[in-house]
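Have a look at input25.cif; it's mmCIF, C-alpha atoms and all ligand atoms:
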```cif
data_start
loop_
_atom_site.label_atom_id
_atom_site.label_comp_id
_atom_site.auth_asym_id
_atom_site.auth_seq_id
_atom_site.Cartn_x
_atom_site.Cartn_y
_atom_site.Cartn_z
CA MET T 1 161.05 115.44 115.53
CA SER T 2 157.35 115.50 116.33
CA THR T 3 155.66 118.30 118.22
CA LEU T 4 156.80 118.92 121.79
CA ALA T 5 155.11 117.01 124.59
CA ALA T 6 152.85 119.03 126.90
CA PRO T 7 154.48 120.81 129.84
CA VAL T 8 153.96 119.14 133.21
CA VAL T 9 155.95 121.68 135.25
CA GLU T 10 156.09 125.25 134.04
CA PHE T 11 157.77 127.92 136.18
CA ARG T 12 157.41 131.48 134.95
CA GLY T 13 159.53 133.80 137.03
CA VAL T 14 159.10 131.46 139.98
CA GLY T 15 161.19 132.28 143.03
CA LEU T 16 161.04 132.01 146.79
CA THR T 17 162.55 134.38 149.32
CA TYR T 18 162.22 133.48 152.99
CA PRO T 19 161.15 136.69 154.74
CA GLY T 20 163.77 136.60 157.47
CA PRO T 21 165.13 138.94 158.76
CA PRO T 22 167.38 138.83 156.97
CA PRO T 23 165.51 137.72 153.85
CA VAL T 24 166.99 134.58 152.22
CA PRO T 25 166.55 134.31 148.44
CA ALA T 26 166.45 130.47 148.44
CA LEU T 27 165.27 130.26 144.81
CA ARG T 28 165.95 133.13 142.44
CA PRO T 29 163.11 133.98 140.04
CA GLY T 30 163.44 131.94 136.86
CA ASP T 31 161.72 129.94 134.13
CA VAL T 32 161.74 126.14 133.88
CA THR T 33 159.66 123.85 131.68
CA ILE T 34 159.60 120.08 132.20
CA ARG T 35 157.57 118.16 129.62
CA ARG T 36 155.66 114.91 129.78
CA GLY T 37 157.99 111.92 129.64
CA GLU T 38 161.18 113.81 130.52
CA TYR T 39 163.69 112.43 133.03
CA VAL T 40 165.25 115.47 134.68
CA THR T 41 167.81 115.46 137.48
CA VAL T 42 168.45 118.53 139.64
CA VAL T 43 171.91 118.67 141.15
CA GLY T 44 173.53 121.14 143.50
CA PRO T 45 175.48 121.34 146.75
CA SER T 46 173.92 121.45 150.20
CA GLY T 47 172.10 124.73 150.81
CA SER T 48 171.85 125.57 147.10
CA GLY T 49 168.04 125.50 147.00
CA LYS T 50 167.21 121.91 145.95
CA SER T 51 164.62 121.38 148.70
CA THR T 52 163.10 124.77 147.96
CA PHE T 53 162.73 123.78 144.30
CA LEU T 54 161.22 120.40 145.29
CA ASN T 55 158.81 121.99 147.75
CA ILE T 56 157.53 124.44 145.16
CA ALA T 57 157.33 121.89 142.32
CA GLY T 58 155.56 119.48 144.71
CA LEU T 59 153.02 122.11 145.83
CA LEU T 60 154.30 121.88 149.40
CA ASP T 61 155.33 125.57 149.40
CA ALA T 62 153.98 128.46 147.37
CA PRO T 63 156.50 130.68 145.56
CA THR T 64 156.85 134.30 146.64
CA SER T 65 157.16 135.43 143.02
CA GLY T 66 156.10 134.21 139.60
CA ARG T 67 153.52 131.69 138.42
CA TYR T 68 153.67 127.91 138.60
CA PHE T 69 151.56 125.91 136.16
CA LEU T 70 151.22 122.17 136.91
CA ASP T 71 149.69 120.29 133.97
CA GLY T 72 148.55 123.68 132.72
CA VAL T 73 146.76 124.57 135.98
CA ASP T 74 147.80 127.95 137.42
CA THR T 75 148.49 126.84 140.98
CA GLY T 76 148.74 130.41 142.29
CA GLY T 77 144.98 130.81 142.24
CA LEU T 78 144.26 127.71 144.32
CA GLY T 79 143.19 127.58 147.94
CA ASP T 80 144.79 125.15 150.38
CA ALA T 81 142.22 122.36 149.85
CA ASP T 82 142.55 122.54 146.06
CA ARG T 83 146.35 122.59 146.23
CA THR T 84 146.31 119.53 148.48
CA ALA T 85 143.91 117.70 146.18
CA LEU T 86 145.96 118.59 143.08
CA ARG T 87 149.13 117.43 144.83
CA GLY T 88 147.47 114.14 145.84
CA ARG T 89 146.29 113.42 142.31
CA ARG T 90 149.13 114.70 140.16
CA ILE T 91 152.34 114.20 142.15
CA GLY T 92 154.01 111.10 143.53
CA PHE T 93 156.75 111.70 146.09
CA VAL T 94 159.73 109.47 146.82
CA PHE T 95 161.94 110.49 149.74
CA GLN T 96 165.36 109.40 150.92
CA SER T 97 163.95 107.89 154.13
CA PHE T 98 161.00 106.01 152.54
CA HIS T 99 158.34 107.30 155.01
CA LEU T 100 156.47 104.00 155.33
CA LEU T 101 154.16 103.19 158.23
CA PRO T 102 156.00 100.41 160.09
CA HIS T 103 152.94 98.51 161.35
CA ARG T 104 151.13 98.37 158.01
CA SER T 105 151.91 95.83 155.29
CA ALA T 106 153.46 96.88 151.99
CA THR T 107 150.01 96.62 150.36
CA GLU T 108 148.37 98.76 153.06
CA ASN T 109 151.11 101.37 152.81
CA VAL T 110 150.45 101.65 149.07
CA MET T 111 146.66 101.72 149.57
CA LEU T 112 147.00 104.71 151.92
CA ALA T 113 148.09 106.83 148.95
CA MET T 114 144.66 106.46 147.39
CA VAL T 115 142.83 108.81 149.77
CA TYR T 116 141.29 110.67 146.83
CA ASN T 117 140.09 107.45 145.24
CA THR T 118 136.48 106.88 146.19
CA GLY T 119 136.31 103.42 144.62
CA PRO T 120 135.72 100.20 146.57
CA ARG T 121 138.41 98.99 148.96
CA THR T 122 138.86 95.76 146.98
CA ASP T 123 139.73 97.83 143.90
CA ARG T 124 142.25 99.82 145.91
CA ARG T 125 143.81 96.60 147.16
CA THR T 126 144.03 95.26 143.60
CA ARG T 127 145.62 98.46 142.38
CA ALA T 128 148.10 98.44 145.27
CA ARG T 129 149.10 94.88 144.41
CA GLU T 130 149.49 95.81 140.74
CA ALA T 131 151.76 98.71 141.73
CA LEU T 132 153.84 96.42 143.94
CA ALA T 133 154.13 93.94 141.06
CA ARG T 134 155.27 96.82 138.83
CA VAL T 135 158.23 97.47 141.16
CA GLY T 136 159.08 93.77 141.44
CA LEU T 137 157.58 93.17 144.89
CA ALA T 138 154.53 90.97 144.21
CA HIS T 139 156.02 88.30 146.48
CA ARG T 140 156.46 90.74 149.40
CA ALA T 141 153.02 92.39 149.24
CA ASP T 142 151.99 91.26 152.75
CA ALA T 143 155.32 91.97 154.45
CA LEU T 144 155.76 94.67 157.08
CA PRO T 145 158.36 97.33 156.22
CA THR T 146 160.48 96.18 159.18
CA ARG T 147 160.89 92.84 157.37
CA LEU T 148 162.02 94.47 154.13
CA SER T 149 165.50 95.51 153.01
CA GLY T 150 166.24 99.18 152.30
CA GLY T 151 165.93 98.61 148.56
CA GLU T 152 162.61 96.83 149.01
CA ARG T 153 161.31 99.65 151.23
CA GLN T 154 162.18 102.18 148.57
CA ARG T 155 160.36 100.04 145.98
CA VAL T 156 157.26 100.07 148.21
CA ALA T 157 157.57 103.86 148.43
CA ILE T 158 157.83 104.04 144.62
CA ALA T 159 154.77 101.78 144.28
CA ARG T 160 152.90 104.08 146.68
CA ALA T 161 153.93 107.09 144.57
CA LEU T 162 152.81 105.41 141.33
CA VAL T 163 149.49 103.94 142.41
CA THR T 164 147.60 107.21 141.99
CA ARG T 165 148.90 107.41 138.39
CA PRO T 166 150.53 110.81 138.93
CA SER T 167 151.67 113.17 136.18
CA LEU T 168 155.00 113.64 137.90
CA LEU T 169 157.24 111.52 140.09
CA LEU T 170 159.30 113.80 142.36
CA CYS T 171 162.22 111.99 144.01
CA ASP T 172 164.36 113.58 146.73
CA GLU T 173 167.71 111.76 147.10
CA PRO T 174 165.96 108.44 146.38
CA THR T 175 169.14 106.41 146.82
CA GLY T 176 170.63 108.43 149.68
CA ASN T 177 170.03 105.67 152.27
CA LEU T 178 171.00 102.73 150.03
CA ASP T 179 174.25 100.89 149.39
CA THR T 180 175.73 101.11 145.90
CA ALA T 181 174.32 97.85 144.53
CA THR T 182 170.82 98.50 145.89
CA ALA T 183 170.96 102.08 144.66
CA GLY T 184 171.81 100.78 141.19
CA SER T 185 168.75 98.57 141.18
CA VAL T 186 166.44 101.41 142.30
CA LEU T 187 167.94 103.66 139.59
CA GLY T 188 167.27 100.82 137.11
CA LEU T 189 163.63 100.88 138.17
CA LEU T 190 163.49 104.65 137.56
CA ASP T 191 164.97 104.02 134.09
CA ASP T 192 162.16 101.50 133.44
CA LEU T 193 159.52 104.01 134.54
CA HIS T 194 161.05 106.61 132.22
CA ARG T 195 160.92 104.12 129.36
CA ASP T 196 157.23 103.59 130.13
CA GLY T 197 156.61 107.33 129.74
CA MET T 198 156.60 108.58 133.36
CA THR T 199 157.79 112.14 133.95
CA LEU T 200 160.60 112.02 136.50
CA VAL T 201 162.35 114.72 138.50
CA VAL T 202 165.16 113.45 140.72
CA ILE T 203 166.87 115.80 143.15
CA THR T 204 170.34 114.80 144.27
CA HIS T 205 173.75 116.01 145.31
CA ASP T 206 175.28 112.81 143.84
CA PRO T 207 176.83 113.33 140.37
CA GLY T 208 176.39 109.60 139.59
CA VAL T 209 172.64 109.84 140.18
CA ALA T 210 172.48 113.15 138.31
CA ALA T 211 174.06 111.50 135.26
CA ARG T 212 171.11 109.09 134.95
CA GLY T 213 168.80 111.90 133.87
CA ARG T 214 168.36 112.62 130.19
CA ARG T 215 168.55 116.28 131.15
CA THR T 216 170.20 117.87 134.17
CA LEU T 217 169.47 121.18 135.86
CA THR T 218 172.08 122.65 138.17
CA ILE T 219 171.26 124.81 141.13
CA ARG T 220 173.76 127.02 142.86
CA ASP T 221 172.99 129.83 145.30
CA GLY T 222 169.34 129.55 144.34
CA VAL T 223 169.97 129.93 140.60
CA LEU T 224 168.58 127.13 138.40
CA ALA T 225 170.29 126.57 135.05
CA GLU T 226 170.54 123.93 132.34
CA ARG T 227 173.72 121.94 132.64
CA THR T 228 175.58 122.29 129.43
CA ALA T 229 178.01 119.66 128.14
CA ALA T 230 181.51 120.15 129.54
P1 LIG E 1 169.29 122.33 149.71
O1 LIG E 1 168.06 121.48 149.65
O2 LIG E 1 169.99 122.41 148.37
O3 LIG E 1 170.23 121.90 150.79
P2 LIG E 1 167.50 124.43 150.65
O4 LIG E 1 166.49 124.63 149.57
O5 LIG E 1 167.09 123.63 151.84
O6 LIG E 1 168.86 123.85 150.03
O7 LIG E 1 167.95 125.88 151.20
C1 LIG E 1 168.27 126.96 150.35
C2 LIG E 1 168.61 128.17 151.21
O8 LIG E 1 167.47 128.59 151.92
C3 LIG E 1 169.67 127.90 152.27
O9 LIG E 1 170.47 129.07 152.38
C4 LIG E 1 168.87 127.66 153.52
O10 LIG E 1 169.63 128.00 154.67
C5 LIG E 1 167.71 128.60 153.32
N1 LIG E 1 166.48 128.15 153.99
C6 LIG E 1 165.87 126.94 153.86
N2 LIG E 1 164.73 126.88 154.58
C7 LIG E 1 164.61 128.09 155.19
C8 LIG E 1 163.64 128.68 156.09
N3 LIG E 1 162.54 128.02 156.48
N4 LIG E 1 163.85 129.95 156.50
C9 LIG E 1 164.93 130.65 156.10
N5 LIG E 1 165.88 130.16 155.27
C10 LIG E 1 165.72 128.91 154.82
#
```
What is this structure when it is put down as structure tokens?
Ligand code: ADP
Amino acid sequence: MSTLAAPVVEFRGVGLTYPGPPPVPALRPGDVTIRRGEYVTVVGPSGSGKSTFLNIAGLLDAPTSGRYFLDGVDTGGLGDADRTALRGRRIGFVFQSFHLLPHRSATENVMLAMVYNTGPRTDRRTRAREALARVGLAHRADALPTRLSGGERQRVAIARALVTRPSLLLCDEPTGNLDTATAGSVLGLLDDLHRDGMTLVVITHDPGVAARGRRTLTIRDGVLAERTAA
């Protein structure tokens, strides 16, 4: 085995307690390292702390204890503007409910992710179309989301997440709104991205989705742990 890939996500004693009253320890302080190119699933029941983990890893919430390094950057020292910029450049989000703007075409939805890209608009359009081609939607690039199937909408959302070339793709129940066959095709796309070297973290309560990861973390009552073979 060669040397270990660089850490993308590194939690050192990271935890979050909502102040209350009463205080809610939503994520217990712990250590997690996710390295470049890993495909990690995070599985746990409702209320176990999955969203809290996602919000911290995605720089949407700051932990109340510990230190979070993203690509080696100590995020605890950053002000709001720097956190937002780091999030925009390094993290692609994919949500259960797609979050597409209904009156913008697939291409325009993807282009909107490039707010930190100061290049010419034509370049952004080209990159958006390349990202749509990557997810198998070159032929639907001008369609409005309302004219797309659920699976196609999620592919647009994945293209939007990829177009900024993030270090980390964070997916929150990415197949939660899809039927089984469509879900299978979206999970196939995530497998392809993993094969191409993308770092993937997929949060789910679905054991079938969790099994797609090459590594699974469990979360229960705010405690993150490696899932060990049964
Ligand atoms: P999951 O995503 O696994 O359903 P969450 O991370 O949303 O779990 O929640 C973990 C725990 O934190 C739960 O007990 C939840 O009730 C609590 N919680 C979530 N958000 C807040 C909040 N803003 N204030 C207080 N408690 C919260």
Problem set entry | Nearby polymer residues, ligand LIG 1 (chain E), at most 9 Å, all atoms listed in the file, as an MDAnalysis selection string | chainID T and resid 16:27 43:55 203:205 219:222
Specify the axis-aligned box that encloses all atoms of stretch 7-13 of chain T listed in the file after padding of 5 Å on each side, stating its centre and edge lengths in Å to one decimal as AutoDock Vina command-line options.
```
--center_x 156.7 --center_y 126.5 --center_z 133.4 --size_x 15.6 --size_y 24.7 --size_z 17.2
```
For this session: Please provide the set of residues having any atom within 9 Å of stretch 135-152 of chain T, restricted to only C-alpha atoms, with same-chain residues fewer than 2 positions apart removed, written as JSON, numbers by chain.
Result: {"T": [98, 100, 101, 102, 103, 104, 105, 106, 107, 108, 109, 128, 129, 130, 131, 132, 133, 154, 155, 156, 157, 158, 159, 175, 177, 178, 179, 182, 183, 185, 186, 189]}
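By all atoms listed in the file, and with residues fewer than 4 positions from T:Met198 along its chain excluded, the set lying at most 8 Å from it is Arg36, Gly37, Glu38, Ser167, Leu168, Leu169, Leu193 and His194 of chain T.
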For T:Val201, please output as a PDB file with C-alpha atoms, in the coordinates of the input all residues within 7 Å (counting only C-alpha atoms; exclusion window: fewer than 4 positions along the same chain).
```pdb
ATOM      1  CA  TYR T  39     163.690 112.430 133.030  1.00  0.00           C
ATOM      2  CA  VAL T  40     165.250 115.470 134.680  1.00  0.00           C
ATOM      3  CA  THR T  41     167.810 115.460 137.480  1.00  0.00           C
ATOM      4  CA  LEU T 169     157.240 111.520 140.090  1.00  0.00           C
ATOM      5  CA  LEU T 170     159.300 113.800 142.360  1.00  0.00           C
ATOM      6  CA  CYS T 171     162.220 111.990 144.010  1.00  0.00           C
TER       7      CYS T 171
END
```
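With distances taken over all atoms listed in the file, T:Leu59 is the one residue among T:Arg12, T:Gly30, T:Leu59, T:Arg165 lying closest to T:Asp82.
When atom CA of T:Ser97 is paired with atom CA of T:Asp172, their separation reads 9.3 Å.
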Seminar exercise, completed: Using all atoms listed in the file, the best pick from T:Pro7, T:Pro29, T:Gly188, T:Pro166 as closest to T:Arg89 would be T:Pro166
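Taking atom CA of T:Ile34 and atom CA of T:Glu10 as endpoints, the distance between them is 6.5 Å.
Picture a line from atom CA of T:Thr126 to atom CA of T:Val163; it runs 10.3 Å.
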For this session: Can you pull out every residue within 12 Å of T:Arg87, counting only C-alpha atoms, but drop anything in the same chain fewer than 2 positions away, and send it as a ChimeraX atom specification?
Result: /T:55-61,70-71,73,75,78,80-85,89-93,113,115-116,161,164-170
